[in-house]
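Since the structure comes first, as structure tokens, the remarks are kept for the end.
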Amino acid sequence: MKILVVAATEAEIAATLAHFNLTPNNFIETEKFDVLITGVGMVATAFALGQKLSSKYNLVLNVGIAGSFDSTIELGELVNITQDTLAELGAEDHENFISLPKMGFGENTFSSFAGITDNLGIKIVKGITVNKVHGNAQSIENVTQLYQPQTESMEGAAVLYAAKELNITVLQIRAISNYVEPRNRENWQIGLAMSSLNDWLTNFLHNHRF
Ligand SMILES: O=C(O)c1cccc(C(=O)CC[C@H]2O[C@@H](n3cnc4c(=O)[nH]cnc43)[C@H](O)[C@@H]2O)c1
């Protein structure tokens, strides 16, 4: 089997690349796994996956950092995002929001395959994927009312969607770098999150078997 590891930025998995003596590049091939650095956001992610994702992979592993709406999740903690929603896709209706399904244009929520998510020992959460990182009290309140999300990233649902389209098993493992709150960049713990993510990822790539 072969894994495609998908990350938005090289920085998020730099420690794993160094651990395996891999020279950073946007696409790295090894015997057991390949690595795709997509760039930040859904558009860059969809384009990169459109070029590189194929049925030669048995598992797509989306990794990165993420924001948390859930104060019971600690900074640096790993989460397994098994349900992820394209939160902004839809239409404004004056003060209200009409989601894509309500408009009649199909699904906005995608899942990872439950069969392999149960035994990882990582908290299972539901997330949203956004173009614009939340940093305003009113918009955080609005999106919380709409979806009750626990996490937020800028790529997750795009990866789950691409994997579903090709019927490839997918996992999304992220480490929490910040709480979703009125913007205060000084509270972010990006180093802590990257360190916990890369500890898990190197171990997983050494020991995975399915
Ligand atoms: O400086 C900023 O405002 C900023 C906002 C989001 C991410 C970054 C990064 O440096 C990392 C890029 C990566 O991080 C994911 N991420 C992390 N926290 C959040 C969040 O609260 N909301 C959405 N995305 C988040 C995201 O997937 C990016 O790819 C800097």
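Identifiers in this document derive from the order of the structure tokens: chains are assigned A, B, ..., residues are numbered from 1 separately in each chain, and ligands are numbered from 1 in order of occurrence.
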Practice item. From a DSSP calculation on the backbone, collect every residue of segment 36-65 of chain A in alpha helix (DSSP H) and output the set as number ranges by chain. Key: A: 42-52
Check which residues of chain A sit at most 7 Å from ligand 1 using only C-alpha atoms and all ligand atoms, and return one row each with the closest pair of atoms and their distance in Å to one decimal, ordered by chain and rising number, as JSON lines.
```
{"residue": "A:Ala8", "atom": "CA", "partner": "ligand 1", "partner_atom_place_in_ligand_line": "29 (O)", "distance": 5.0}
{"residue": "A:Thr9", "atom": "CA", "partner": "ligand 1", "partner_atom_place_in_ligand_line": "29 (O)", "distance": 6.7}
{"residue": "A:Val40", "atom": "CA", "partner": "ligand 1", "partner_atom_place_in_ligand_line": "29 (O)", "distance": 4.5}
{"residue": "A:Gly41", "atom": "CA", "partner": "ligand 1", "partner_atom_place_in_ligand_line": "29 (O)", "distance": 6.0}
{"residue": "A:Gly64", "atom": "CA", "partner": "ligand 1", "partner_atom_place_in_ligand_line": "27 (O)", "distance": 6.5}
{"residue": "A:Ile65", "atom": "CA", "partner": "ligand 1", "partner_atom_place_in_ligand_line": "17 (C)", "distance": 4.9}
{"residue": "A:Ala66", "atom": "CA", "partner": "ligand 1", "partner_atom_place_in_ligand_line": "17 (C)", "distance": 3.7}
{"residue": "A:Gly67", "atom": "CA", "partner": "ligand 1", "partner_atom_place_in_ligand_line": "21 (O)", "distance": 3.4}
{"residue": "A:Ser68", "atom": "CA", "partner": "ligand 1", "partner_atom_place_in_ligand_line": "21 (O)", "distance": 6.6}
{"residue": "A:Val130", "atom": "CA", "partner": "ligand 1", "partner_atom_place_in_ligand_line": "23 (C)", "distance": 6.4}
{"residue": "A:Val133", "atom": "CA", "partner": "ligand 1", "partner_atom_place_in_ligand_line": "22 (N)", "distance": 4.4}
{"residue": "A:His134", "atom": "CA", "partner": "ligand 1", "partner_atom_place_in_ligand_line": "22 (N)", "distance": 6.2}
{"residue": "A:Glu152", "atom": "CA", "partner": "ligand 1", "partner_atom_place_in_ligand_line": "22 (N)", "distance": 4.8}
{"residue": "A:Ser153", "atom": "CA", "partner": "ligand 1", "partner_atom_place_in_ligand_line": "24 (N)", "distance": 3.5}
{"residue": "A:Met154", "atom": "CA", "partner": "ligand 1", "partner_atom_place_in_ligand_line": "27 (O)", "distance": 3.9}
{"residue": "A:Glu155", "atom": "CA", "partner": "ligand 1", "partner_atom_place_in_ligand_line": "27 (O)", "distance": 5.4}
{"residue": "A:Ser177", "atom": "CA", "partner": "ligand 1", "partner_atom_place_in_ligand_line": "18 (N)", "distance": 5.9}
{"residue": "A:Asn178", "atom": "CA", "partner": "ligand 1", "partner_atom_place_in_ligand_line": "18 (N)", "distance": 5.9}
{"residue": "A:Tyr179", "atom": "CA", "partner": "ligand 1", "partner_atom_place_in_ligand_line": "21 (O)", "distance": 6.4}
{"residue": "A:Val180", "atom": "CA", "partner": "ligand 1", "partner_atom_place_in_ligand_line": "21 (O)", "distance": 5.2}
{"residue": "A:Arg185", "atom": "CA", "partner": "ligand 1", "partner_atom_place_in_ligand_line": "1 (O)", "distance": 6.8}
```
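Separating atom CA of Ile124 of chain A from atom CA of Glu165 of chain A is a distance of 22.6 Å.
Using only C-alpha atoms, the smallest distance between any of A:Leu4, A:Thr16, A:Gly106, A:Asn96 and Met194 of chain A comes from A:Thr16.
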Check your understanding: Between A:Ala14, A:Ile140, A:Leu197, A:Ile28, which is the closest to Ile128 of chain A once you count only C-alpha atoms?
Key -> A:Ile140
Point to revise | strand (DSSP E or B) positions in chain A, given as a PyMOL selection string | key: chain A and resi 3-7+27-29+33-37+59-68+78-86+90-93+96-99+109-111+123-129+151-153+169-179
Practice item. May I have the residues within 12 Å of Glu29 of chain A as a VMD selection string, using only C-alpha atoms and disregarding those fewer than 2 positions away in the same chain? Key: chain A and resid 2 to 5 17 20 22 to 27 31 to 37 52 57
Can you write just those residues out, N, CA and C atoms, as a short mmCIF file (atom, residue, chain, number, x, y, z; two decimals), in the first residue's frame?
```
data_model
loop_
_atom_site.label_atom_id
_atom_site.label_comp_id
_atom_site.auth_asym_id
_atom_site.auth_seq_id
_atom_site.Cartn_x
_atom_site.Cartn_y
_atom_site.Cartn_z
N LYS A 2 0.32 2.34 -0.48
CA LYS A 2 1.07 3.59 -0.45
C LYS A 2 0.20 4.71 0.12
N ILE A 3 0.84 5.56 0.95
CA ILE A 3 0.13 6.68 1.58
C ILE A 3 0.51 7.96 0.86
N LEU A 4 -0.47 8.85 0.64
CA LEU A 4 -0.15 10.21 0.21
C LEU A 4 -0.36 11.12 1.41
N VAL A 5 0.73 11.69 1.91
CA VAL A 5 0.66 12.65 3.01
C VAL A 5 0.44 14.03 2.39
N LEU A 17 9.99 15.53 7.54
CA LEU A 17 10.88 15.43 6.36
C LEU A 17 12.32 15.25 6.82
N PHE A 20 13.07 11.72 8.11
CA PHE A 20 13.25 10.70 7.07
C PHE A 20 14.32 11.11 6.03
N LEU A 22 14.46 13.64 3.99
CA LEU A 22 13.85 13.99 2.70
C LEU A 22 14.11 15.47 2.41
N THR A 23 14.53 15.76 1.19
CA THR A 23 14.76 17.15 0.79
C THR A 23 13.41 17.81 0.53
N PRO A 24 13.14 18.95 1.20
CA PRO A 24 11.84 19.60 0.99
C PRO A 24 11.55 19.91 -0.47
N ASN A 25 10.34 19.59 -0.89
CA ASN A 25 9.89 19.85 -2.25
C ASN A 25 8.36 19.80 -2.24
N ASN A 26 7.72 20.30 -3.27
CA ASN A 26 6.25 20.27 -3.27
C ASN A 26 5.70 18.85 -3.43
N PHE A 27 6.50 17.98 -4.07
CA PHE A 27 6.07 16.58 -4.22
C PHE A 27 7.28 15.68 -4.01
N GLU A 31 9.54 5.11 -1.01
CA GLU A 31 9.03 3.75 -1.26
C GLU A 31 7.67 3.52 -0.60
N LYS A 32 7.53 3.96 0.67
CA LYS A 32 6.30 3.67 1.42
C LYS A 32 5.25 4.76 1.34
N PHE A 33 5.69 6.02 1.20
CA PHE A 33 4.72 7.12 1.19
C PHE A 33 5.25 8.26 0.32
N ASP A 34 4.30 9.03 -0.21
CA ASP A 34 4.65 10.25 -0.94
C ASP A 34 4.15 11.44 -0.13
N VAL A 35 4.72 12.61 -0.39
CA VAL A 35 4.35 13.82 0.33
C VAL A 35 3.97 14.90 -0.67
N LEU A 36 2.80 15.50 -0.45
CA LEU A 36 2.33 16.59 -1.32
C LEU A 36 2.13 17.84 -0.48
N ILE A 37 2.88 18.89 -0.82
CA ILE A 37 2.69 20.20 -0.18
C ILE A 37 1.83 21.02 -1.14
N LYS A 52 -2.08 15.14 -8.49
CA LYS A 52 -1.28 14.03 -7.92
C LYS A 52 -2.08 12.87 -7.33
N TYR A 57 -2.76 5.24 -4.54
CA TYR A 57 -2.71 5.45 -3.09
C TYR A 57 -3.87 4.71 -2.41
#
```
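Checking A:Asp199, A:Leu59, A:Glu12, A:Asn207 one by one against Gly39 of chain A, counting only C-alpha atoms, you find the shortest gap at A:Glu12.
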Exercise for review: Would you mind listing what lies within 8 Å of Val125 of chain A as a list in words, with only C-alpha atoms counted and same-chain residues fewer than 4 positions away left out?
Suggested key: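 Close residues of Val125 of chain A: Val79, Asn80, Ile81, Thr82, Gln83, Gln150 and Thr151 of chain A.
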Check your understanding: Any idea what the distance is between atom CA of Gln172 of chain A and atom CA of Val159 of chain A?
Key -> 8.4 Å
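Closest approach to Gln189 of chain A from the set A:Asn167, A:Asn131, A:Thr38, A:Glu77 is made by A:Glu77, with distances taken over only C-alpha atoms.
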Practice item. Could you check which of A:Val63, A:Asp93, A:Gln148, A:Ile168 is closest to Ala11 of chain A, using only C-alpha atoms? Key: A:Val63
Point to revise | Residue nearest Gln51 of chain A among A:Asn184, A:Glu10, A:His206, A:Ala162 (counting only C-alpha atoms) | key: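 Ranking A:Asn184, A:Glu10, A:His206, A:Ala162 by distance to Gln51 of chain A, first place goes to A:Ala162.
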Check your understanding: Which residues, written as a VMD selection string, have at least one atom at most 8 Å from Gly90 of chain A, with only C-alpha atoms counted and residues fewer than 3 positions away on the same chain left out?
Key -> chain A and resid 97 to 100 103
Limited to N, CA and C atoms, could you put the picked residues into a file as an mmCIF file, in the first residue's frame?
```
data_model
loop_
_atom_site.group_PDB
_atom_site.id
_atom_site.type_symbol
_atom_site.label_atom_id
_atom_site.label_comp_id
_atom_site.auth_asym_id
_atom_site.auth_seq_id
_atom_site.Cartn_x
_atom_site.Cartn_y
_atom_site.Cartn_z
ATOM 1 N N PHE A 97 -28.140 32.748 6.364
ATOM 2 C CA PHE A 97 -27.226 32.078 5.444
ATOM 3 C C PHE A 97 -27.906 30.805 4.929
ATOM 4 N N ILE A 98 -27.855 30.604 3.618
ATOM 5 C CA ILE A 98 -28.421 29.386 3.031
ATOM 6 C C ILE A 98 -27.251 28.510 2.592
ATOM 7 N N SER A 99 -27.122 27.347 3.221
ATOM 8 C CA SER A 99 -25.994 26.467 2.907
ATOM 9 C C SER A 99 -26.211 25.803 1.541
ATOM 10 N N LEU A 100 -25.149 25.229 1.011
ATOM 11 C CA LEU A 100 -25.219 24.595 -0.313
ATOM 12 C C LEU A 100 -26.314 23.530 -0.411
ATOM 13 N N MET A 103 -29.626 25.047 -0.734
ATOM 14 C CA MET A 103 -29.840 25.643 -2.061
ATOM 15 C C MET A 103 -30.154 24.569 -3.102
#
```
